[in-house]
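A.B. asks: Quick one, input.cif (mmCIF, C-alpha atoms):
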data_upload
#
loop_
_atom_site.label_atom_id
_atom_site.label_comp_id
_atom_site.auth_asym_id
_atom_site.auth_seq_id
_atom_site.Cartn_x
_atom_site.Cartn_y
_atom_site.Cartn_z
CA MET A 1386 0.00 0.00 0.00
CA GLY A 1387 2.82 2.39 0.89
CA GLN A 1388 4.47 1.65 -2.41
CA TYR A 1389 1.23 2.40 -4.25
CA LEU A 1390 0.82 5.71 -2.42
CA MET A 1391 4.39 6.59 -3.33
CA LYS A 1392 3.60 5.83 -6.98
CA LEU A 1393 0.52 8.03 -6.83
CA ARG A 1394 2.51 10.88 -5.29
CA ARG A 1395 5.23 10.57 -7.84
CA HIS A 1396 3.40 9.80 -11.09
CA LEU A 1397 -0.12 11.19 -10.73
CA ARG A 1398 0.26 14.12 -13.11
CA TRP A 1399 -1.87 15.92 -15.68
CA LYS A 1400 -0.14 17.22 -18.79
CA LYS A 1401 -0.99 20.64 -20.21
CA ALA A 1402 -2.61 19.17 -23.34
CA GLU A 1403 -4.59 16.78 -21.20
CA VAL A 1404 -5.92 19.58 -19.01
CA GLN A 1405 -6.90 21.48 -22.16
CA ASP A 1406 -8.80 18.42 -23.43
CA LEU A 1407 -10.51 17.98 -20.06
CA VAL A 1408 -11.58 21.65 -19.94
CA ILE A 1409 -12.99 21.49 -23.49
CA THR A 1410 -14.86 18.29 -22.62
CA VAL A 1411 -16.32 19.83 -19.46
CA LEU A 1412 -17.46 22.97 -21.28
CA VAL A 1413 -19.00 21.09 -24.21
CA ILE A 1414 -20.80 18.43 -22.17
CA ALA A 1415 -22.05 21.06 -19.72
CA PHE A 1416 -23.44 22.92 -22.74
CA ILE A 1417 -25.18 19.74 -23.96
CA PHE A 1418 -26.87 19.19 -20.59
CA ALA A 1419 -27.60 22.88 -19.99
CA TYR A 1420 -28.88 23.70 -23.48
CA ASN A 1421 -32.49 23.24 -22.45
CA ASP A 1422 -32.98 24.93 -19.08
CA LYS A 1423 -36.66 23.85 -19.07
CA GLN A 1424 -37.95 27.40 -18.69
CA PRO A 1425 -40.96 28.68 -20.66
CA THR A 1426 -39.05 31.80 -21.80
CA PHE A 1427 -35.36 32.26 -22.42
CA THR A 1428 -33.61 34.40 -19.81
CA LEU A 1429 -29.90 34.82 -20.40
CA SER A 1430 -28.96 35.26 -16.73
CA TYR A 1431 -30.86 32.13 -15.71
CA TRP A 1432 -29.38 30.16 -18.61
CA LEU A 1433 -25.85 31.26 -17.71
CA PHE A 1434 -26.40 30.33 -14.06
CA ASN A 1435 -27.70 26.92 -15.16
CA TYR A 1436 -24.69 26.51 -17.47
CA LEU A 1437 -22.27 27.37 -14.63
CA LYS A 1438 -24.04 24.84 -12.42
CA HIS A 1439 -23.56 22.19 -15.08
CA ILE A 1440 -19.90 23.15 -15.51
CA LEU A 1441 -19.45 22.57 -11.78
CA ILE A 1442 -21.20 19.19 -11.92
CA MET A 1443 -19.31 18.06 -15.03
CA SER A 1444 -15.97 19.15 -13.52
CA GLY A 1445 -16.62 16.86 -10.57
CA VAL A 1446 -17.82 13.98 -12.73
CA ILE A 1447 -14.90 14.18 -15.14
CA PHE A 1448 -12.40 14.62 -12.31
CA VAL A 1449 -13.63 11.41 -10.66
CA TYR A 1450 -13.68 9.62 -14.01
CA ASP A 1451 -10.13 10.65 -14.92
CA PHE A 1452 -8.67 10.30 -11.43
CA VAL A 1453 -9.92 6.71 -11.11
CA HIS A 1454 -8.49 5.87 -14.52
CA LYS A 1455 -5.12 7.28 -13.51
CA ALA A 1456 -5.14 5.58 -10.12
CA ALA A 1457 -6.13 2.23 -11.65
CA SER A 1458 -3.50 2.46 -14.38
CA LEU A 1459 -0.79 3.32 -11.83
CA PHE A 1460 -1.88 0.30 -9.81
CA MET A 1461 -1.06 -1.78 -12.90
CA ASN A 1462 2.11 0.25 -13.49
CA PHE A 1463 0.88 2.04 -16.58
CA THR A 1464 0.09 5.71 -17.02
CA CYS A 1465 -2.92 6.96 -18.90
CA GLU A 1466 -3.81 10.20 -20.55
CA TYR A 1467 -7.23 11.63 -21.34
CA LYS A 1468 -7.93 12.48 -25.00
CA LYS A 1469 -11.12 14.13 -26.11
CA TRP A 1470 -12.98 12.97 -29.21
CA SER A 1471 -13.62 16.23 -31.09
CA ASN A 1472 -16.10 14.71 -33.54
CA GLY A 1473 -18.05 13.02 -30.79
CA LEU A 1474 -18.34 16.25 -28.81
CA LEU A 1475 -19.49 18.14 -31.92
CA ILE A 1476 -22.03 15.42 -32.74
CA GLY A 1477 -23.38 15.84 -29.19
CA VAL A 1478 -23.73 19.60 -29.69
CA ILE A 1479 -25.44 19.11 -33.07
CA VAL A 1480 -27.96 16.63 -31.60
CA ALA A 1481 -28.59 18.95 -28.62
CA ILE A 1482 -29.31 21.90 -30.93
CA LEU A 1483 -31.45 19.84 -33.30
CA SER A 1484 -33.55 18.28 -30.55
CA GLY A 1485 -33.85 21.50 -28.59
CA GLY A 1486 -31.91 19.98 -25.70
CA LYS A 1487 -34.26 17.01 -25.27
CA LEU A 1488 -31.74 14.41 -26.44
CA TYR A 1489 -28.32 14.13 -24.87
CA VAL A 1490 -25.55 12.46 -26.84
CA VAL A 1491 -22.39 12.42 -24.76
CA LEU A 1492 -19.36 11.13 -26.65
CA PRO A 1493 -16.48 12.53 -24.61
CA GLY A 1494 -13.46 10.51 -25.65
CA GLY A 1495 -11.34 8.30 -23.50
CA ILE A 1496 -7.88 7.36 -22.40
CA ILE A 1497 -4.67 6.29 -24.05
CA PHE A 1498 -2.09 4.27 -22.19
CA HIS A 1499 1.65 4.61 -21.75
CA HIS A 1500 3.93 1.85 -20.65
CA MET A 1501 6.14 2.57 -17.61
CA VAL A 1502 9.24 0.62 -18.47
CA VAL A 1503 10.89 0.37 -15.05
CA LEU A 1504 7.81 -0.10 -12.87
CA ARG A 1505 6.48 -2.78 -15.16
CA LEU A 1506 9.62 -4.91 -14.89
CA GLY A 1507 8.92 -8.44 -13.71
CA HIS A 1508 5.21 -8.36 -14.56
CA PHE A 1509 3.84 -11.22 -16.57
CA ARG A 1510 2.65 -9.78 -19.89
CA TYR A 1511 5.31 -7.11 -19.60
CA GLY A 1512 4.08 -4.71 -22.29
CA LEU A 1513 0.75 -3.04 -22.92
CA ASN A 1514 -1.95 -5.64 -23.41
CA TYR A 1515 -5.64 -5.58 -24.21
CA PHE A 1516 -6.84 -7.39 -21.10
CA THR A 1517 -5.19 -5.10 -18.56
CA THR A 1518 -6.01 -1.89 -20.42
CA GLY A 1519 -9.62 -3.05 -20.80
CA PHE A 1520 -10.08 -3.46 -17.08
CA ILE A 1521 -8.35 -0.16 -16.30
CA ALA A 1522 -10.74 1.53 -18.74
CA ALA A 1523 -13.76 -0.08 -17.07
CA ALA A 1524 -12.73 1.41 -13.72
CA GLY A 1525 -13.91 4.91 -14.79
CA PRO A 1526 -17.56 4.07 -15.54
CA LEU A 1527 -17.76 1.75 -12.51
CA ALA A 1528 -16.44 4.54 -10.26
CA LEU A 1529 -19.10 6.86 -11.69
CA LEU A 1530 -21.73 4.25 -10.89
CA LEU A 1531 -20.58 4.17 -7.26
CA VAL A 1532 -20.55 7.98 -7.12
CA ALA A 1533 -24.08 8.03 -8.58
CA THR A 1534 -25.21 5.56 -5.93
CA PHE A 1535 -23.69 7.75 -3.21
CA PHE A 1536 -25.41 10.89 -4.50
CA LYS A 1537 -28.72 9.06 -4.89
CA THR A 1538 -28.44 7.97 -1.28
CA LEU A 1539 -27.94 11.62 -0.27
CA ALA A 1540 -30.96 12.59 -2.35
CA LEU A 1541 -33.04 9.88 -0.67
CA PHE A 1542 -32.18 11.41 2.69
CA ASN A 1543 -33.56 14.74 1.36
CA VAL A 1544 -30.16 16.47 1.22
CA ALA A 1545 -30.67 18.88 -1.71
CA SER A 1546 -32.56 16.10 -3.43
CA ALA A 1547 -33.30 17.87 -6.75
CA PHE A 1548 -29.63 18.76 -7.24
CA PHE A 1549 -28.27 15.35 -6.27
CA ASN A 1550 -30.89 13.56 -8.39
CA HIS A 1551 -29.65 15.55 -11.36
CA VAL A 1552 -26.00 14.77 -10.51
CA THR A 1553 -26.92 11.06 -10.31
CA PHE A 1554 -28.60 11.26 -13.71
CA ILE A 1555 -25.53 12.92 -15.26
CA CYS A 1556 -23.12 10.39 -13.69
CA LEU A 1557 -25.13 7.43 -14.99
CA TYR A 1558 -25.60 8.99 -18.42
CA PHE A 1559 -21.88 9.69 -18.73
CA ALA A 1560 -20.97 6.19 -17.53
CA ILE A 1561 -23.25 4.49 -20.07
CA PHE A 1562 -21.93 6.56 -22.98
CA ALA A 1563 -18.34 5.96 -21.87
CA MET A 1564 -18.98 2.23 -22.03
CA LEU A 1565 -20.19 2.31 -25.64
CA PRO A 1566 -17.61 0.95 -28.08
CA PHE A 1567 -16.89 4.19 -29.96
CA PRO A 1568 -13.39 5.47 -30.83
CA ARG A 1569 -11.23 6.08 -27.72
CA HIS A 1570 -14.09 5.31 -25.35
CA ASP A 1571 -13.65 2.93 -22.44
CA GLY A 1572 -16.09 0.56 -24.09
CA THR A 1573 -13.67 0.05 -26.99
CA HIS A 1574 -10.84 -0.97 -24.64
CA MET A 1575 -13.18 -3.31 -22.80
CA PHE A 1576 -14.66 -4.72 -26.01
CA PHE A 1577 -11.25 -5.67 -27.36
CA ALA A 1578 -10.11 -6.95 -23.96
CA ASN A 1579 -12.93 -9.39 -23.39
CA ARG A 1580 -16.39 -9.39 -24.98
CA ASN A 1581 -17.93 -11.36 -22.11
CA TRP A 1582 -16.78 -8.87 -19.48
CA PHE A 1583 -17.82 -6.01 -21.74
CA ILE A 1584 -21.38 -7.37 -21.84
CA ILE A 1585 -21.45 -7.98 -18.08
CA ILE A 1586 -20.26 -4.47 -17.18
CA LEU A 1587 -22.35 -2.68 -19.82
CA PHE A 1588 -25.52 -4.45 -18.74
CA PHE A 1589 -24.61 -3.98 -15.08
CA LEU A 1590 -24.82 -0.24 -15.77
CA ILE A 1591 -27.93 -0.54 -17.95
CA GLY A 1592 -29.51 -2.84 -15.35
CA TYR A 1593 -28.88 -0.27 -12.63
CA ILE A 1594 -30.59 2.41 -14.71
CA PHE A 1595 -33.46 0.03 -15.51
CA LEU A 1596 -34.03 -0.63 -11.81
CA PHE A 1597 -33.53 3.09 -11.10
CA GLN A 1598 -36.60 3.84 -13.22
CA PHE A 1599 -38.68 1.70 -10.84
CA LYS A 1600 -37.14 3.42 -7.77
CA PHE A 1601 -35.30 0.23 -6.87
CA TYR A 1602 -31.70 1.13 -6.12
CA SER A 1603 -29.64 -2.03 -5.91
CA LEU A 1604 -26.15 -2.71 -7.20
CA ILE A 1605 -26.54 -6.43 -6.45
CA PHE A 1606 -29.66 -6.86 -8.57
CA ALA A 1607 -28.05 -4.75 -11.31
CA ALA A 1608 -25.09 -7.13 -11.27
CA LEU A 1609 -27.52 -10.04 -11.51
CA ILE A 1610 -29.14 -8.45 -14.58
CA GLY A 1611 -25.65 -8.11 -16.09
CA LEU A 1612 -24.94 -11.79 -15.45
CA VAL A 1613 -28.29 -12.93 -16.88
CA VAL A 1614 -27.79 -10.86 -20.05
CA TRP A 1615 -24.25 -12.22 -20.34
CA LEU A 1616 -25.59 -15.81 -20.06
CA VAL A 1617 -28.14 -15.17 -22.83
CA TYR A 1618 -25.46 -13.51 -24.96
CA TYR A 1619 -23.06 -16.39 -24.34
CA VAL A 1620 -25.60 -19.07 -25.27
CA LEU A 1621 -26.93 -17.22 -28.33
CA PHE A 1622 -23.70 -15.81 -29.78
CA GLU A 1623 -20.40 -16.32 -28.03
CA ARG A 1624 -20.51 -20.13 -27.83
CA GLY A 1625 -21.39 -20.35 -31.53
CA ALA A 1626 -18.65 -17.89 -32.43
CA TRP A 1627 -16.06 -20.06 -30.67
CA ASN A 1628 -17.36 -23.17 -32.46
CA LEU A 1629 -17.04 -21.38 -35.81
CA ALA A 1630 -13.41 -20.58 -34.97
CA ASP A 1631 -12.71 -24.31 -34.59
CA MET B 482 -18.42 2.24 -59.79
CA PHE B 483 -20.43 4.87 -61.72
CA ILE B 484 -17.56 5.43 -64.12
CA GLU B 485 -17.13 1.67 -64.51
CA LEU B 486 -20.83 1.32 -65.31
CA LEU B 487 -20.79 4.18 -67.80
CA CYS B 488 -17.84 2.64 -69.61
CA ALA B 489 -19.46 -0.77 -69.64
CA GLY B 490 -22.12 0.23 -72.17
CA GLU B 491 -24.26 -2.77 -73.03
CA ASN B 492 -22.69 -4.89 -70.30
CA MET B 493 -24.02 -2.58 -67.59
CA ILE B 494 -26.91 -4.90 -66.65
CA GLU B 495 -24.57 -7.88 -66.59
CA ILE B 496 -22.28 -6.11 -64.10
CA LEU B 497 -25.19 -5.20 -61.85
CA LYS B 498 -26.58 -8.75 -61.97
CA ASN B 499 -23.25 -10.36 -61.15
CA LYS B 500 -23.41 -11.35 -57.46
CA LYS B 501 -19.67 -11.29 -56.92
CA ALA B 502 -18.85 -8.07 -58.74
CA GLY B 503 -22.30 -6.44 -58.84
CA PHE B 504 -23.77 -3.59 -56.88
CA PHE B 505 -24.41 -5.72 -53.81
CA ASN B 506 -20.72 -6.37 -53.30
CA LEU B 507 -20.36 -4.27 -50.16
CA THR B 508 -16.60 -4.49 -49.77
CA ARG B 509 -15.99 -3.39 -53.35
CA PHE B 510 -18.53 -0.57 -53.51
CA TRP B 511 -18.35 0.69 -49.93
CA VAL B 512 -17.99 4.28 -51.11
CA GLU B 513 -21.28 4.14 -53.00
CA TYR B 514 -23.03 2.65 -50.01
CA SER B 515 -21.52 5.28 -47.72
CA PHE B 516 -22.58 7.92 -50.27
CA ILE B 517 -26.22 6.83 -50.07
CA PHE B 518 -26.15 6.47 -46.27
CA ILE B 519 -24.56 9.90 -45.69
CA LEU B 520 -26.93 11.49 -48.23
CA ILE B 521 -29.86 10.21 -46.18
CA ILE B 522 -28.21 11.33 -42.91
CA GLY B 523 -27.66 14.84 -44.34
CA PHE B 524 -31.27 14.96 -45.52
CA ILE B 525 -32.65 13.89 -42.13
CA VAL B 526 -30.41 16.31 -40.19
CA ALA B 527 -31.49 19.22 -42.41
CA LEU B 528 -35.13 18.19 -42.18
CA TRP B 529 -34.89 18.06 -38.39
CA SER B 530 -33.55 21.60 -38.02
CA GLY B 531 -36.54 23.79 -37.36
CA SER B 532 -35.31 27.25 -38.38
CA ALA B 533 -32.81 28.98 -40.64
CA VAL B 534 -30.52 29.88 -37.72
CA VAL B 535 -30.40 26.28 -36.52
CA THR B 536 -29.75 25.11 -40.10
CA TYR B 537 -26.79 27.46 -40.43
CA MET B 538 -25.42 26.47 -37.00
CA ILE B 539 -25.70 22.79 -37.83
CA ILE B 540 -23.99 23.15 -41.22
CA LEU B 541 -21.21 25.21 -39.58
CA LEU B 542 -20.60 22.49 -36.97
CA SER B 543 -20.81 19.77 -39.64
CA GLY B 544 -18.24 21.74 -41.63
CA ILE B 545 -15.89 21.74 -38.62
CA ILE B 546 -16.19 17.95 -38.33
CA ILE B 547 -15.59 17.49 -42.06
CA GLY B 548 -12.68 19.96 -42.01
CA ARG B 549 -10.93 17.75 -39.48
CA GLY B 550 -11.68 14.75 -41.72
CA TRP B 551 -10.08 16.53 -44.69
CA LEU B 552 -6.96 17.12 -42.61
CA LEU B 553 -6.75 13.49 -41.53
CA ARG B 554 -7.32 12.24 -45.09
CA LYS B 555 -4.93 14.66 -46.72
CA TYR B 556 -2.72 11.95 -48.16
CA HIS B 557 -4.98 8.91 -48.43
CA PHE B 558 -8.66 8.13 -49.18
CA GLN B 559 -9.09 11.58 -50.72
CA ILE B 560 -11.61 10.72 -53.45
CA PRO B 561 -13.92 8.61 -51.23
CA PHE B 562 -13.94 11.35 -48.60
CA VAL B 563 -14.71 14.04 -51.19
CA LEU B 564 -17.61 11.92 -52.47
CA ILE B 565 -18.95 11.40 -48.96
CA THR B 566 -18.64 15.13 -48.20
CA ILE B 567 -20.55 15.95 -51.39
CA ALA B 568 -23.21 13.39 -50.41
CA TYR B 569 -23.71 15.05 -47.02
CA LEU B 570 -23.89 18.50 -48.57
CA VAL B 571 -26.34 17.43 -51.30
CA GLY B 572 -28.53 15.63 -48.75
CA PHE B 573 -28.44 18.65 -46.45
CA VAL B 574 -29.32 21.10 -49.23
CA PHE B 575 -32.25 18.96 -50.39
CA GLY B 576 -33.55 18.54 -46.85
CA SER B 577 -33.25 22.15 -45.70
CA PHE B 578 -36.49 24.06 -46.07
CA HIS B 579 -35.51 26.95 -43.83
CA GLY B 580 -32.16 28.21 -45.07
CA GLU B 581 -30.95 29.50 -48.42
CA THR B 582 -28.62 27.24 -50.40
CA LYS B 583 -25.94 29.89 -50.96
CA TYR B 584 -25.69 30.63 -47.24
CA ILE B 585 -25.59 26.91 -46.46
CA LEU B 586 -22.64 26.54 -48.84
CA ILE B 587 -20.88 29.58 -47.36
CA PHE B 588 -21.32 28.37 -43.77
CA PHE B 589 -20.19 24.89 -44.75
CA ILE B 590 -16.99 26.19 -46.35
CA VAL B 591 -16.31 28.53 -43.43
CA GLY B 592 -16.86 25.65 -40.98
CA MET B 593 -14.53 23.41 -42.96
CA TYR B 594 -11.85 26.08 -42.95
CA ILE B 595 -12.23 26.62 -39.20
CA GLY B 596 -12.07 22.88 -38.51
CA TYR B 597 -9.08 22.42 -40.79
CA VAL B 598 -7.10 25.34 -39.33
CA LEU B 599 -7.94 24.59 -35.69
CA HIS B 600 -6.84 20.99 -36.02
CA SER B 601 -3.83 21.58 -38.27
CA ARG B 602 -2.44 24.13 -35.77
CA GLU B 603 -3.43 21.80 -32.92
CA LEU B 604 -5.40 24.55 -31.21
CA ILE B 605 -8.10 22.07 -30.15
#
Just give me the structure as structure tokens.

C.D. replies:
Amino acid sequence: MGQYLMKLRRHLRWKKAEVQDLVITVLVIAFIFAYNDKQPTFTLSYWLFNYLKHILIMSGVIFVYDFVHKAASLFMNFTCEYKKWSNGLLIGVIVAILSGGKLYVVLPGGIIFHHMVVLRLGHFRYGLNYFTTGFIAAAGPLALLLVATFFKTLALFNVASAFFNHVTFICLYFAIFAMLPFPRHDGTHMFFANRNWFIIILFFLIGYIFLFQFKFYSLIFAALIGLVVWLVYYVLFERGAWNLAD
Amino acid sequence: MFIELLCAGENMIEILKNKKAGFFNLTRFWVEYSFIFILIIGFIVALWSGSAVVTYMIILLSGIIIGRGWLLRKYHFQIPFVLITIAYLVGFVFGSFHGETKYILIFFIVGMYIGYVLHSRELI
């Protein structure tokens, strides 16, 4: 543990280009969520206040998302760097404008990995490999799920419930979109690492949101949904795919 | 494929009927398929935009995306990307009932220039 803390102290850094990408991502995604302020008439001051509120929320969400990625990758003796997906962010803005802010498409980007030559010495599978990077990538959305659960619990105890409900919604929305297999997204890393685990984690998140709709907040039942969907997927597709390979 | 068909003359029907080399060969004629798909996407996007201002904003943002694409495909896949760009533009122009065509073209070119310059100078 002490060694890990030393690694965090020594290697947990954000490059200038990375910070720039993170700031752009925060501003754009906050715009996507804040585009429709749900007011009957447009008031600039109210809209700007709403936008600032969303910038604050998105800063927190993206900080957690990126910090967990970095911490997980240092645990495996890699470093990772956030890269935005410009096209994805612009597509999100286009859809927000077209739908009048009713549809949110959040395609933020993801992480790229760097190999730490010295710290990785002695590890089996010395270099960068799909399996490890896939699981590091999955840490971000799973951390957001836990954060969403925490905020939902606060909202259930009537601690600024409207605000924390909205934060929960944004966390879950971001986590689901991050797990989709688009360029640079975490879902792509996971998809290439292991399709079975990709299905389990994706449907764990979707299952949580499904139960959320019925006001049933349970990570255990969400995990069960993920496992059931994985079993169906395995029987219907994966098993046959392996047989074809033979 | 269009040029190939035009040059084929009387054999045009034979080429289209041929299952291996005909129109339904997706790997061979992927540009034509992409052309049709992007044309429809452009049409739907333009149809969806409810006012002239939104139409111009959307074409400007689309131009920025395509400008980045032009930069990335500067040395390879130029012709397919030009065809796909034209498809999007044609689809968008046909689908837009709120904006004027000349302004759509101007905003598209301006957007492309912005996207190209911003990405080539690594400003974003």

A.B. asks: If we count all atoms listed in the file, which residues of chain A reach to within 12 Å of chain B? Please list them as number ranges by chain.

C.D. replies: A: 1402-1410, 1468-1485

A.B. asks: I'd like the contact shell of Leu1612 in chain A - 10 Å cut-off, all atoms listed in the file, skipping same-chain residues fewer than 4 positions apart - returned as a list in words.

C.D. replies: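 After dropping sequence-adjacent residues, the list is Asn1581, Trp1582, Ile1584, Ile1585, Ile1586, Phe1588, Phe1589, Phe1606, Ala1607, Ala1608, Leu1616, Val1617 and Tyr1618 of chain A.
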
A.B. asks: Quick one: residues within 10 Å of Ser1458 in chain A, all atoms listed in the file, excluding same-chain residues fewer than 2 positions away - as a list in words?

C.D. replies: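 Near Ser1458 in chain A, the qualifying residues are Phe1452, Val1453, His1454, Lys1455, Ala1456, Phe1460, Met1461, Asn1462, Phe1463, Thr1464, Cys1465, Glu1466, Phe1498, His1499, His1500, Thr1517, Thr1518, Phe1520, Ile1521, Ala1522 and Ala1524 of chain A.
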
A.B. asks: Taking only C-alpha atoms into account, name the residue in A:Ile1605, A:Ile1417, A:Leu1621, A:Ala1523 that is nearest to Phe1577 in chain A.

C.D. replies: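 When distances to Phe1577 in chain A are compared using only C-alpha atoms, the smallest one comes from A:Ala1523.
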
A.B. asks: If we count all atoms listed in the file and set the cut-off at 6 Å, which residues sit around range 506-516 of chain B, ignoring sequence neighbours fewer than 5 positions away in its own chain? Please answer as a PDB file with C-alpha atoms, keeping the file's coordinate frame.

C.D. replies:
ATOM      1  CA  PRO B 561     -13.920   8.610 -51.230  1.00  0.00           C
ATOM      2  CA  ILE B 565     -18.950  11.400 -48.960  1.00  0.00           C
ATOM      3  CA  ALA B 568     -23.210  13.390 -50.410  1.00  0.00           C
TER       4      ALA B 568
END

A.B. asks: Pick from B:Leu552, B:Ile517, B:Ala533, B:Ile560: nearest to Phe578 in chain B, with only C-alpha atoms counted?

C.D. replies: B:Ala533

A.B. asks: How many Å lie between CA of Tyr1467 in chain A and CA of Gly1495 in chain A, rounded to one decimal?

C.D. replies: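 CA of Gly1495 in chain A lies at a distance of 5.7 Å from CA of Tyr1467 in chain A.
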
A.B. asks: Can you tell me, as a VMD selection string, what residues are no more than 9 Å from Phe1536 in chain A when counting all atoms listed in the file, ignoring any on the same chain fewer than 5 positions away?

C.D. replies: chain A and resid 1531 1541 1546 1549 to 1550 1552 to 1553

A.B. asks: Considering only C-alpha atoms, can you say which of A:Leu1590, A:Met1575, A:Leu1393, A:Ile1561 comes closest to Val1491 in chain A?

C.D. replies: A:Ile1561

A.B. asks: Kindly give the distance, in Å, that separates CA of Tyr597 in chain B and CA of Ile567 in chain B, rounded to a single decimal.

C.D. replies: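 Result for CA of Tyr597 in chain B versus CA of Ile567 in chain B: 16.9 Å, one decimal.
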
A.B. asks: Since I can't run it myself right now, could you work out what the PyMOL selection byres ((chain A and resi 1554-1558) around 9) selects here and report it as a list in words?

C.D. replies: Phe1418, Ile1442, Met1443, Val1446, Tyr1489, Val1491, Pro1526, Leu1529, Leu1530, Val1532, Ala1533, Phe1549, Asn1550, His1551, Val1552, Thr1553, Phe1559, Ala1560, Ile1561, Phe1562, Ala1563, Leu1590, Ile1591, Tyr1593 and Ile1594 of chain A

A.B. asks: Those selected residues, please, written with C-alpha atoms and delivered as a compact mmCIF listing (two decimals), keeping the file's coordinate frame.

C.D. replies:
# COMPACT_ATOMS: atom_id res chain seq x y z
CA PHE A 1418 -26.87 19.19 -20.59
CA ILE A 1442 -21.20 19.19 -11.92
CA MET A 1443 -19.31 18.06 -15.03
CA VAL A 1446 -17.82 13.98 -12.73
CA TYR A 1489 -28.32 14.13 -24.87
CA VAL A 1491 -22.39 12.42 -24.76
CA PRO A 1526 -17.56 4.07 -15.54
CA LEU A 1529 -19.10 6.86 -11.69
CA LEU A 1530 -21.73 4.25 -10.89
CA VAL A 1532 -20.55 7.98 -7.12
CA ALA A 1533 -24.08 8.03 -8.58
CA PHE A 1549 -28.27 15.35 -6.27
CA ASN A 1550 -30.89 13.56 -8.39
CA HIS A 1551 -29.65 15.55 -11.36
CA VAL A 1552 -26.00 14.77 -10.51
CA THR A 1553 -26.92 11.06 -10.31
CA PHE A 1559 -21.88 9.69 -18.73
CA ALA A 1560 -20.97 6.19 -17.53
CA ILE A 1561 -23.25 4.49 -20.07
CA PHE A 1562 -21.93 6.56 -22.98
CA ALA A 1563 -18.34 5.96 -21.87
CA LEU A 1590 -24.82 -0.24 -15.77
CA ILE A 1591 -27.93 -0.54 -17.95
CA TYR A 1593 -28.88 -0.27 -12.63
CA ILE A 1594 -30.59 2.41 -14.71

A.B. asks: Taking all atoms listed in the file into account, name the residue in A:Met1564, A:Val1544, A:Leu1539, A:Ala1578 that is nearest to Tyr1515 in chain A.

C.D. replies: A:Ala1578

A.B. asks: Separation of CA of Met1501 in chain A and CA of Phe1583 in chain A, in Å?

C.D. replies: 25.8 Å

A.B. asks: Which is closest to Phe524 in chain B among B:Ser577, B:Leu553, B:Thr582, B:Ile587, if we use all atoms listed in the file?

C.D. replies: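 Checking each of B:Ser577, B:Leu553, B:Thr582, B:Ile587 against Phe524 in chain B, counting all atoms listed in the file, the winner is B:Ser577.
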
A.B. asks: Applied to this file, what does the PyMOL selection byres ((chain B and resi 523) around 7) return in terms of residues, put as a list in words?

C.D. replies: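 Expected selection for the PyMOL selection byres ((chain B and resi 523) around 7) here is Ile519, Leu520, Ile521, Ile522, Phe524, Ile525, Val526, Ala527, Tyr569, Leu570, Gly572 and Phe573 of chain B.
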
A.B. asks: Complete the atoms of range 510-521 of chain B to N, CA and C atoms and put them out as a PDB file, in the frame of the given file.

C.D. replies:
ATOM      1  N   PHE B 510     -17.859  -1.844 -53.253  1.00  0.00           N
ATOM      2  CA  PHE B 510     -18.530  -0.570 -53.510  1.00  0.00           C
ATOM      3  C   PHE B 510     -18.922   0.142 -52.222  1.00  0.00           C
ATOM      4  N   TRP B 511     -18.015   0.084 -51.227  1.00  0.00           N
ATOM      5  CA  TRP B 511     -18.350   0.690 -49.930  1.00  0.00           C
ATOM      6  C   TRP B 511     -18.537   2.198 -50.032  1.00  0.00           C
ATOM      7  N   VAL B 512     -17.853   2.817 -50.983  1.00  0.00           N
ATOM      8  CA  VAL B 512     -17.990   4.280 -51.110  1.00  0.00           C
ATOM      9  C   VAL B 512     -19.400   4.638 -51.561  1.00  0.00           C
ATOM     10  N   GLU B 513     -19.928   3.869 -52.510  1.00  0.00           N
ATOM     11  CA  GLU B 513     -21.280   4.140 -53.000  1.00  0.00           C
ATOM     12  C   GLU B 513     -22.319   3.942 -51.901  1.00  0.00           C
ATOM     13  N   TYR B 514     -22.109   2.880 -51.125  1.00  0.00           N
ATOM     14  CA  TYR B 514     -23.030   2.650 -50.010  1.00  0.00           C
ATOM     15  C   TYR B 514     -22.951   3.767 -48.986  1.00  0.00           C
ATOM     16  N   SER B 515     -21.698   4.167 -48.677  1.00  0.00           N
ATOM     17  CA  SER B 515     -21.520   5.280 -47.720  1.00  0.00           C
ATOM     18  C   SER B 515     -22.160   6.548 -48.277  1.00  0.00           C
ATOM     19  N   PHE B 516     -22.019   6.749 -49.591  1.00  0.00           N
ATOM     20  CA  PHE B 516     -22.580   7.920 -50.270  1.00  0.00           C
ATOM     21  C   PHE B 516     -24.088   7.992 -50.002  1.00  0.00           C
ATOM     22  N   ILE B 517     -24.758   6.863 -50.243  1.00  0.00           N
ATOM     23  CA  ILE B 517     -26.220   6.830 -50.070  1.00  0.00           C
ATOM     24  C   ILE B 517     -26.586   7.049 -48.595  1.00  0.00           C
ATOM     25  N   PHE B 518     -25.855   6.370 -47.710  1.00  0.00           N
ATOM     26  CA  PHE B 518     -26.150   6.470 -46.270  1.00  0.00           C
ATOM     27  C   PHE B 518     -25.973   7.909 -45.781  1.00  0.00           C
ATOM     28  N   ILE B 519     -24.849   8.523 -46.163  1.00  0.00           N
ATOM     29  CA  ILE B 519     -24.560   9.900 -45.690  1.00  0.00           C
ATOM     30  C   ILE B 519     -25.534  10.895 -46.317  1.00  0.00           C
ATOM     31  N   LEU B 520     -25.928  10.629 -47.564  1.00  0.00           N
ATOM     32  CA  LEU B 520     -26.930  11.490 -48.230  1.00  0.00           C
ATOM     33  C   LEU B 520     -28.216  11.499 -47.407  1.00  0.00           C
ATOM     34  N   ILE B 521     -28.633  10.311 -46.971  1.00  0.00           N
ATOM     35  CA  ILE B 521     -29.860  10.210 -46.180  1.00  0.00           C
ATOM     36  C   ILE B 521     -29.679  10.896 -44.821  1.00  0.00           C
TER      37      ILE B 521
END
